[in-house]
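Undergrad: One structure follows; several queries about it will come next.
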2 protein chains.
Amino acid sequence: MDLFSKVSRTAGKHSPLEEEIRKLPVPVSSVFLGKDGKIRPAEFRQTDMALVCKGHDRIALVFPKIISKGCGAILEAVASNESGGISGKRVAVLFSGGPAAGGHNVLAGLAAVLGTGNTLLGVRKGPGGLVKGDVFEIGRESIKSIINMGGFDFLGTDRTKIKTAEQFEMVKQSVVKNRLDGLVVVGGDDSNTNAAFIAEYLAKELIPCSVVGIPKTIDGDMAAGKYLPISFGFDTATKIYSELVGNLNQDAASAVKYYHFVKLMGRTASKITLEVALQTKPAIALISEEIAEKNMSLAQVVDYIVRIITLRRFKGINHGVILIPEGLVEFIPEMGRLIAELNKVLAEYEKDVADLPSVENKREFLLPHLSAQSAQLLASLPPDLQEMLILDRDDHGNVKVSQIETEKLLIDKIRYRLSEMKRHTDHFFGSEEGKIVATPGQIEDFKKVTLSTQSHFLGYEGRSSKPSRFDAAFTFQLGLAAGSLVLAGKTGYMAAITDFHKGGRVLALPLTGLVTAEMRKGKEEFVIEKSLVDLSSPSFEFYAKNRDKWAAEDCFSSPGAIQYWGPTSRQLPIIVALDRDYPGFDSFDMGEEKDVAGGE
Amino acid sequence: MDLFSKVSRTAGKHSPLEEEIRKLPVPVSSVFLGKDGKIRPAEFRQTDMALVCKGHDRIALVFPKIISKGCGAILEAVASNESGGISGKRVAVLFSGGPAAGGHNVLAGLAAVLGTGNTLLGVRKGPGGLVKGDVFEIGRESIKSIINMGGFDFLGTDRTKIKTAEQFEMVKQSVVKNRLDGLVVVGGDDSNTNAAFIAEYLAKELIPCSVVGIPKTIDGDMAAGKYLPISFGFDTATKIYSELVGNLNQDAASAVKYYHFVKLMGRTASKITLEVALQTKPAIALISEEIAEKNMSLAQVVDYIVRIITLRRFKGINHGVILIPEGLVEFIPEMGRLIAELNKVLAEYEKDVADLPSVENKREFLLPHLSAQSAQLLASLPPDLQEMLILDRDDHGNVKVSQIETEKLLIDKIRYRLSEMKRHTDHFFGSEEGKIVATPGQIEDFKKVTLSTQSHFLGYEGRSSKPSRFDAAFTFQLGLAAGSLVLAGKTGYMAAITDFHKGGRVLALPLTGLVTAEMRKGKEEFVIEKSLVDLSSPSFEFYAKNRDKWAAEDCFSSPGAIQYWGPTSRQLPIIVALDRDYPGFDSFDMGEEKDVAGGE
């Protein structure tokens, strides 16, 4: 074959890495292995472990059918002693929400555990496709092409929330029409909440179809402590962001010119930022949960950064990397209040505001309706951001918080502050509390240096990568667990894996133990609480203890690209290892490796 | 050691990958190996190969001392037969310009070939450091810590151009004071031109110091065809961009929601974009050189993209990735003319423009001074861009072309065009030439779909990565070659490696054969011509032949992260393999692998 043909042949996901990566073996926990070493379904037994159920009475009323004994009782997988396999079952799987690395291995795990005696079906384009009944049978050949591959494209995904009675009825019709014995929902907190409602609805309607959730989200906020240390996709995404942040650290120190402001995806929780900070040791990493806890103002956040930039300058370091979690703005209490007030006022005076011709007019109208603090804050923001806060609303009339360019807002504010400091050095330097101690020479040096910045947003490039070895293993086993749950007739559970350092322990967490009732805008809503950064966790405390050292000097790491072969290919997230007290983060153990792509 | 200590220990470039990657062996071409298998300097012999020398008479006048016989005669390295080694030589090395992966391996190669009998010195912070004489001895222990590591931080770098008589004299003083027998300049076209001038100056001043250049730039535009297929850093950078673009391809197909507009670094040449396109097969990749050649207007570029977006919609594809080379704007002839006119008018009326209070006033003043075409074009650009073109000038008073957010300009224009098409379907759809053939149903569908976009700029994250195995090997050998040239007393050469597929052939290209005389603003300047995408090269022709297919369907590749171990770790750039007629791109061969980090 000539080279042109070789290059042509790489089209359609046949690059050398993609071809080789399909062949990689995947570890399988012993509970899924028969005596012949082949994959088979596990059984589930009751344990004395339970999730703490919040608002049990309300939950019991909403989910009378699927609520488990004691509300939060956890099941554990054990190797089955049955000799004969279950057959004739039909199980459908869907992806919900944003892509995360490893989704396709959930399918591969399901296919492996269902074996040839049962049928695996795929739902096209997420919950929306389920409502429409867009279901197809997944052939074994397809599994060979998608195993260890990234993305959600084999099924597609969407963000439909199944809410209305009509939608639930249509889901039921899809289940009945396709004679589904099981439905596996791969999604985040909202999708798993939805899975609980679907499970309840089908049980109420006496449709014998198990509904099982799979914890997916790169944000890492769909977790349950020691029972489920992390969701899938987090490891791959943070490794990619760490590669890039590490490269920027290295570049900053090489070009000795720029501060790189890097906003990291992760809508609410700062877990991604914390993990990337532990991997790369940047000059600064902001953790939203801490800023909220300390009730810091925007100005205080800016001053925190400015102080570090200044102290680095005194050491001759005028470069570095600053990590900013995507959700920061809402966690700065005064910004959160401003946004809440704006949402309220804009809803109340929708017409008035719409009728005013210019942004300036709208702002003039709005300011007196805000609290003095919020009005001052709004007026102090860069014009672009003010315009965005006033004009850009989502479908519910709310500010599109995720679209706020926080990194640019901070750069803007930091610039003003630095130029103010240069002009009024006596206000900012000195031995009084809150001021920066500096020699006259240092102050003169400080006045000479300029701040050059680059801003980045890392997000989409981390969602659809080929899964790390960890995520590939994790998701394959989640598939094995979900398939086993369905074959065992369990409904309303989320598949979970824990103890990644000693063979992998396979659990089933009752969705009713994860869901809590919450009042939102005067309405009771049922949600799975997001797992945020816990400020008393070992991982955060370790970060807090070390960050001053990392801020003071360039002692970054550049942990590099995800490796699929070689000595560093088995790393797991540092925050998981620290918070779950593992002996190391350099090698996971989820069981014996099996060639799972090589055919039947 | 507990886990906290393990994580602490990763600070300062001791992450698991960094620790392991230092141990990787590096191939060494046979010309650098003695019979004992140890590294030793090669000798250089004349060949009948030569670079075509442009403007030979002018070059000969400017470089009378270093010009080689026949101007462009190329030397080739051969294994030395000498038994005794050369000792007592002192060789300094500096980095110039932006970082590129592999710089530290140049140092490692130099250290290896100089052996313990000679002294390797480092110049801190680039040519500026050379002028200041900021030189230090590089210990062997340092080499162990930097081998296979990314960035330029061990030495630092800057962008000082050595131009004035005073600067040349200071360089001479640095050379004399440090008793340098050799100076190795790691840089791009400008730095290698500078190296030629330094070589000439030292020769004229009778200072016996060899000056040797090393071809560095991620852009890949410092190349010399079959004698030097590519500069170092290109492979690593394009692999990182291909990883990210591949991930975005996969994400776009998974989320089925976004067009990702990705601007790729590479100031002038579109080589990075071409390589990334061949690696990833995106929906669209613009090649500046082609757009210039075809004299396309901004509107024509927009229409080209809009047509592909529309045809994809007809197939139900409303997502994809669009690659945009950083230098695009200057290659669109009408934009180039506008910028040239603006530079001229703004220089001529500097005071008048400065005195006018607002951007609107300045624009009003400027428009009558432009040609009608340029005035119309300027007025049709988004307000932000107009403002930037009018206000933001570099130190020479020129438009900062590299800061133009081309990706956002295109998104803006495409949006307008699509909404125009929705409102005036009869102008755009039909069987007449230039219109898009569509059924009434397709047009109705087209009118319903919205365009969601994300914009990205990939650049800095690709410069300071740990070098790919290819770049690690390439740069180590460039170091061996440069050290050998210095020991052989050759001056005014650039080290080069070619034939990456069969052991690596080591050449020395005379800098005078690369430099050409050019008239710039009425002044004669000497430059190394940038190696742009050749529209008749096999790599471009292959791309041009396949792009319609890649545009029509999602048949992308997602080639994944750089691998340092395993079956895909030895890939080399596809454009090199295609243009130099190699049998494959999946495995380079630059000689026998040697453990070069393990100590003496």
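By convention here, the chains of the structure tokens are called A, B, ... in the order presented, each chain's residues are numbered starting at 1, and ligands are numbered starting at 1 in the order presented.
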Please build the interface table for chain B against chain A with a cut-off of 7 Å, listing for each qualifying residue the nearest atom pair and the distance in Å to one decimal; count only C-alpha atoms, order rows by chain and increasing number, and write it as a tab-separated table.
TA:
residue	atom	partner	partner_atom	distance
B:Asp2	CA	A:Pro583	CA	6.7
B:Leu3	CA	A:Gly584	CA	5.4
B:Thr10	CA	A:Ser557	CA	6.6
B:Ala11	CA	A:Cys555	CA	5.5
B:Gly12	CA	A:Cys555	CA	4.1
B:Lys13	CA	A:Ser557	CA	4.3
B:His14	CA	A:Ser557	CA	6.4
B:Ser15	CA	A:Pro559	CA	5.4
B:Pro16	CA	A:Thr568	CA	6.2
B:Leu17	CA	A:Pro559	CA	5.8
B:Glu18	CA	A:Pro559	CA	6.4
B:Gly98	CA	A:Ala255	CA	6.5
B:Pro99	CA	A:Ser254	CA	6.6
B:Gly151	CA	A:Gln250	CA	5.6
B:Phe152	CA	A:Ser254	CA	4.6
B:Asp153	CA	A:Ser254	CA	4.0
B:Gly156	CA	A:Ser254	CA	5.4
B:Thr157	CA	A:Ala255	CA	6.3
B:Leu244	CA	A:Glu461	CA	5.6
B:Asn247	CA	A:Ser465	CA	5.1
B:Leu248	CA	A:Glu461	CA	5.5
B:Gln250	CA	A:Gly151	CA	5.6
B:Asp251	CA	A:Ser464	CA	5.0
B:Ala253	CA	A:Asp153	CA	5.5
B:Ser254	CA	A:Asp153	CA	4.0
B:Ala255	CA	A:Thr157	CA	6.2
B:Lys281	CA	A:Ala11	CA	6.7
B:Tyr460	CA	A:Leu248	CA	6.5
B:Glu461	CA	A:Asn247	CA	5.4
B:Arg463	CA	A:Asp251	CA	6.8
B:Ser464	CA	A:Asp251	CA	5.0
B:Ser465	CA	A:Asn247	CA	5.1
B:Cys555	CA	A:Gly12	CA	4.1
B:Phe556	CA	A:Gly12	CA	5.1
B:Ser557	CA	A:Lys13	CA	4.2
B:Ser558	CA	A:Lys13	CA	6.2
B:Pro559	CA	A:Ser15	CA	5.4
B:Gly560	CA	A:Leu17	CA	6.4
B:Ala561	CA	A:Ala561	CA	5.6
B:Ile562	CA	A:Ala561	CA	6.2
B:Gln563	CA	A:Gln563	CA	5.8
B:Trp565	CA	A:Gly566	CA	5.3
B:Gly566	CA	A:Trp565	CA	5.3
B:Thr568	CA	A:Leu17	CA	5.9
B:Leu578	CA	A:Leu3	CA	7.0
B:Pro583	CA	A:Leu3	CA	5.7
B:Gly584	CA	A:Leu3	CA	5.4
Undergrad: Determine which residues of region 111-297 of chain A receive a DSSP assignment of strand (DSSP E or B), computed from the backbone, and state them as a PyMOL selection string.
TA: chain A and resi 119-123+135-137+157-158+182-187+210-216+224+228+232+259-264+284-285
Undergrad: Restricting the output to N, CA and C atoms, write the selected residues as an mmCIF file, in the first residue's frame.
TA:
data_model
loop_
_atom_site.group_PDB
_atom_site.id
_atom_site.type_symbol
_atom_site.label_atom_id
_atom_site.label_comp_id
_atom_site.auth_asym_id
_atom_site.auth_seq_id
_atom_site.Cartn_x
_atom_site.Cartn_y
_atom_site.Cartn_z
ATOM 1 N N THR A 119 -30.251 -9.107 24.189
ATOM 2 C CA THR A 119 -30.135 -8.117 23.122
ATOM 3 C C THR A 119 -29.827 -6.736 23.708
ATOM 4 N N LEU A 120 -28.821 -6.106 23.148
ATOM 5 C CA LEU A 120 -28.502 -4.738 23.556
ATOM 6 C C LEU A 120 -29.006 -3.769 22.497
ATOM 7 N N LEU A 121 -29.757 -2.781 22.945
ATOM 8 C CA LEU A 121 -30.275 -1.773 22.026
ATOM 9 C C LEU A 121 -29.733 -0.400 22.398
ATOM 10 N N GLY A 122 -29.627 0.441 21.410
ATOM 11 C CA GLY A 122 -29.171 1.808 21.662
ATOM 12 C C GLY A 122 -30.302 2.785 21.390
ATOM 13 N N VAL A 123 -30.392 3.813 22.219
ATOM 14 C CA VAL A 123 -31.366 4.880 21.992
ATOM 15 C C VAL A 123 -30.629 6.026 21.329
ATOM 16 N N VAL A 135 -34.922 3.687 18.631
ATOM 17 C CA VAL A 135 -34.134 2.618 19.239
ATOM 18 C C VAL A 135 -33.658 1.656 18.156
ATOM 19 N N PHE A 136 -32.415 1.192 18.275
ATOM 20 C CA PHE A 136 -31.897 0.223 17.295
ATOM 21 C C PHE A 136 -31.061 -0.835 18.009
ATOM 22 N N GLU A 137 -30.901 -1.978 17.374
ATOM 23 C CA GLU A 137 -30.114 -3.038 17.986
ATOM 24 C C GLU A 137 -28.629 -2.802 17.721
ATOM 25 N N THR A 157 -26.518 12.245 21.808
ATOM 26 C CA THR A 157 -27.011 12.616 23.132
ATOM 27 C C THR A 157 -27.895 13.843 22.984
ATOM 28 N N ASP A 158 -28.658 14.160 24.007
ATOM 29 C CA ASP A 158 -29.324 15.457 24.045
ATOM 30 C C ASP A 158 -29.604 15.814 25.500
ATOM 31 N N GLY A 182 -34.852 -3.694 30.362
ATOM 32 C CA GLY A 182 -33.972 -2.792 31.091
ATOM 33 C C GLY A 182 -33.681 -1.538 30.299
ATOM 34 N N LEU A 183 -33.436 -0.461 31.042
ATOM 35 C CA LEU A 183 -33.068 0.804 30.429
ATOM 36 C C LEU A 183 -31.903 1.374 31.235
ATOM 37 N N VAL A 184 -30.790 1.618 30.565
ATOM 38 C CA VAL A 184 -29.607 2.145 31.248
ATOM 39 C C VAL A 184 -29.418 3.598 30.820
ATOM 40 N N VAL A 185 -29.401 4.490 31.809
ATOM 41 C CA VAL A 185 -29.289 5.917 31.538
ATOM 42 C C VAL A 185 -27.899 6.393 31.957
ATOM 43 N N VAL A 186 -27.119 6.824 30.968
ATOM 44 C CA VAL A 186 -25.773 7.312 31.240
ATOM 45 C C VAL A 186 -25.849 8.833 31.329
ATOM 46 N N GLY A 187 -25.702 9.374 32.540
ATOM 47 C CA GLY A 187 -25.865 10.820 32.651
ATOM 48 C C GLY A 187 -25.391 11.379 33.968
ATOM 49 N N SER A 210 -36.330 -2.715 34.319
ATOM 50 C CA SER A 210 -35.381 -2.144 35.279
ATOM 51 C C SER A 210 -34.779 -0.867 34.717
ATOM 52 N N VAL A 211 -34.673 0.152 35.548
ATOM 53 C CA VAL A 211 -34.001 1.375 35.121
ATOM 54 C C VAL A 211 -32.753 1.562 35.991
ATOM 55 N N VAL A 212 -31.634 1.687 35.345
ATOM 56 C CA VAL A 212 -30.357 1.793 36.061
ATOM 57 C C VAL A 212 -29.600 3.020 35.550
ATOM 58 N N GLY A 213 -29.040 3.789 36.463
ATOM 59 C CA GLY A 213 -28.262 4.969 36.086
ATOM 60 C C GLY A 213 -26.767 4.687 36.109
ATOM 61 N N ILE A 214 -26.035 5.482 35.347
ATOM 62 C CA ILE A 214 -24.567 5.393 35.316
ATOM 63 C C ILE A 214 -24.025 6.802 35.558
ATOM 64 N N PRO A 215 -23.113 6.949 36.527
ATOM 65 C CA PRO A 215 -22.654 8.295 36.891
ATOM 66 C C PRO A 215 -21.631 8.866 35.921
ATOM 67 N N LYS A 216 -22.090 9.799 35.098
ATOM 68 C CA LYS A 216 -21.233 10.433 34.111
ATOM 69 C C LYS A 216 -21.158 11.924 34.356
ATOM 70 N N ALA A 224 -20.397 9.993 45.371
ATOM 71 C CA ALA A 224 -21.010 9.637 46.651
ATOM 72 C C ALA A 224 -19.927 9.109 47.595
ATOM 73 N N LEU A 228 -18.729 5.946 45.855
ATOM 74 C CA LEU A 228 -18.509 6.302 44.446
ATOM 75 C C LEU A 228 -17.603 7.525 44.468
ATOM 76 N N PHE A 232 -17.472 9.040 35.901
ATOM 77 C CA PHE A 232 -16.552 8.758 34.787
ATOM 78 C C PHE A 232 -16.415 9.978 33.884
ATOM 79 N N TYR A 259 1.376 35.932 31.840
ATOM 80 C CA TYR A 259 0.494 35.224 32.753
ATOM 81 C C TYR A 259 -0.639 34.629 31.919
ATOM 82 N N HIS A 260 -0.806 33.331 32.047
ATOM 83 C CA HIS A 260 -1.900 32.661 31.343
ATOM 84 C C HIS A 260 -3.067 32.493 32.304
ATOM 85 N N PHE A 261 -4.190 33.088 31.980
ATOM 86 C CA PHE A 261 -5.416 32.927 32.768
ATOM 87 C C PHE A 261 -6.245 31.820 32.117
ATOM 88 N N VAL A 262 -6.412 30.733 32.836
ATOM 89 C CA VAL A 262 -7.050 29.556 32.242
ATOM 90 C C VAL A 262 -8.357 29.265 32.964
ATOM 91 N N LYS A 263 -9.456 29.451 32.276
ATOM 92 C CA LYS A 263 -10.745 29.045 32.842
ATOM 93 C C LYS A 263 -10.974 27.582 32.512
ATOM 94 N N LEU A 264 -11.384 26.830 33.524
ATOM 95 C CA LEU A 264 -11.570 25.390 33.349
ATOM 96 C C LEU A 264 -13.045 25.032 33.453
ATOM 97 N N ILE A 284 -1.436 30.122 40.804
ATOM 98 C CA ILE A 284 -2.688 30.363 41.530
ATOM 99 C C ILE A 284 -3.770 29.431 40.991
ATOM 100 N N ALA A 285 -4.596 28.915 41.891
ATOM 101 C CA ALA A 285 -5.825 28.226 41.487
ATOM 102 C C ALA A 285 -6.926 28.707 42.419
#
Undergrad: Apply DSSP to the backbone of this structure and, from region 19-201 of chain B, keep only the residues in alpha helix (DSSP H); write these as a VMD selection string.
TA: chain B and resid 19 to 21 56 to 62 103 to 114 126 to 132 140 to 146 165 to 177 189 to 201
Undergrad: What separation in Å, quoted to one decimal, exists between CA of Ile339 (chain A) and CA of Val399 (chain A)?
TA: 6.9 Å
Undergrad: For region 477-488 of chain B, find every residue with an atom within 6 Å (counting only C-alpha atoms), except residues of its own chain fewer than 4 positions away, and show them as number ranges by chain.
TA: B: 41-42, 106, 109-110, 113, 182, 210, 495
Undergrad: Put those residues in a file: C-alpha atoms, as an mmCIF file, in the first residue's frame.
TA:
data_model
loop_
_atom_site.group_PDB
_atom_site.id
_atom_site.type_symbol
_atom_site.label_atom_id
_atom_site.label_comp_id
_atom_site.auth_asym_id
_atom_site.auth_seq_id
_atom_site.Cartn_x
_atom_site.Cartn_y
_atom_site.Cartn_z
ATOM 1 C CA PRO B 41 31.912 13.792 16.800
ATOM 2 C CA ALA B 42 31.359 13.278 13.091
ATOM 3 C CA VAL B 106 19.855 20.100 21.522
ATOM 4 C CA GLY B 109 23.227 16.328 22.083
ATOM 5 C CA LEU B 110 25.860 19.046 22.360
ATOM 6 C CA VAL B 113 29.262 15.054 21.490
ATOM 7 C CA GLY B 182 31.796 27.894 19.159
ATOM 8 C CA SER B 210 32.424 28.845 14.822
ATOM 9 C CA ALA B 495 22.854 21.810 11.205
#
Undergrad: Mind giving me the straight-line distance from CA of Leu532 (chain B) to CA of Glu290 (chain B) in Å, one decimal?
TA: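 About the pair CA of Leu532 (chain B) and CA of Glu290 (chain B): they are 10.5 Å apart.
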Undergrad: Show me, as an mmCIF file with N, CA and C atoms, in the first residue's frame, the residues that have an atom within 9 Å of Ile146 (chain B) when counting only C-alpha atoms, minus same-chain residues fewer than 6 positions from it.
TA:
data_model
loop_
_atom_site.group_PDB
_atom_site.id
_atom_site.type_symbol
_atom_site.label_atom_id
_atom_site.label_comp_id
_atom_site.auth_asym_id
_atom_site.auth_seq_id
_atom_site.Cartn_x
_atom_site.Cartn_y
_atom_site.Cartn_z
ATOM 1 N N ARG B 22 12.442 11.009 31.175
ATOM 2 C CA ARG B 22 13.880 11.308 31.166
ATOM 3 C C ARG B 22 14.701 10.067 30.838
ATOM 4 N N HIS B 104 15.804 21.458 24.750
ATOM 5 C CA HIS B 104 16.714 20.914 25.757
ATOM 6 C C HIS B 104 17.513 19.713 25.237
ATOM 7 N N ASN B 105 16.942 18.987 24.279
ATOM 8 C CA ASN B 105 17.705 17.866 23.716
ATOM 9 C C ASN B 105 18.829 18.334 22.794
ATOM 10 N N LEU B 107 20.736 20.709 23.691
ATOM 11 C CA LEU B 107 21.778 20.835 24.713
ATOM 12 C C LEU B 107 22.345 19.457 25.072
ATOM 13 N N ALA B 108 21.443 18.488 25.206
ATOM 14 C CA ALA B 108 21.890 17.134 25.559
ATOM 15 C C ALA B 108 22.783 16.563 24.463
ATOM 16 N N PHE B 154 15.384 26.190 30.764
ATOM 17 C CA PHE B 154 16.704 25.968 31.356
ATOM 18 C C PHE B 154 17.640 27.127 31.021
#
Undergrad: Using only C-alpha atoms, can you tell me which of B:Asp235, B:Asp355, B:Glu420, B:Glu387 comes closest to Thr475 (chain B)?
TA: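 When distances to Thr475 (chain B) are compared using only C-alpha atoms, the smallest one comes from B:Asp235.
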Undergrad: Skip region 516-524 of chain B itself and residues of its chain fewer than 2 positions away, then list as a PyMOL selection string all residues within 6 Å of it, counting only C-alpha atoms.
TA: chain B and resi 54+526-527
Undergrad: Give me, as a short mmCIF file (atom, residue, chain, number, x, y, z; two decimals) with C-alpha atoms, in the first residue's frame, all polymer residues having an atom no more than 10 Å from Val533 (chain B), counting only C-alpha atoms and skipping those fewer than 6 positions away in the same chain.
TA:
data_model
loop_
_atom_site.label_atom_id
_atom_site.label_comp_id
_atom_site.auth_asym_id
_atom_site.auth_seq_id
_atom_site.Cartn_x
_atom_site.Cartn_y
_atom_site.Cartn_z
CA GLY B 220 7.56 24.52 10.16
CA ASP B 221 8.49 27.40 7.87
CA THR B 268 2.77 33.12 8.14
CA ALA B 269 2.84 29.61 6.72
CA SER B 270 -0.24 27.36 6.87
CA LYS B 271 1.91 24.25 7.31
CA ILE B 272 0.56 23.62 10.80
CA THR B 273 -2.98 23.83 9.50
CA LEU B 274 -2.21 21.49 6.60
CA ILE B 287 -4.89 27.27 3.60
CA SER B 288 -3.67 30.88 3.38
CA GLU B 289 -1.29 30.25 0.51
CA GLU B 290 -4.13 28.92 -1.62
CA SER B 539 0.84 16.97 0.71
CA PHE B 540 -1.25 19.92 -0.44
CA ILE B 575 3.47 16.28 5.30
#
Undergrad: Within 9 Å of Leu367 (chain A), counting only C-alpha atoms, which residues show up once you throw out same-chain ones fewer than 6 positions away? Write them as a ChimeraX atom specification, please.
TA: /A:374-376,378-379
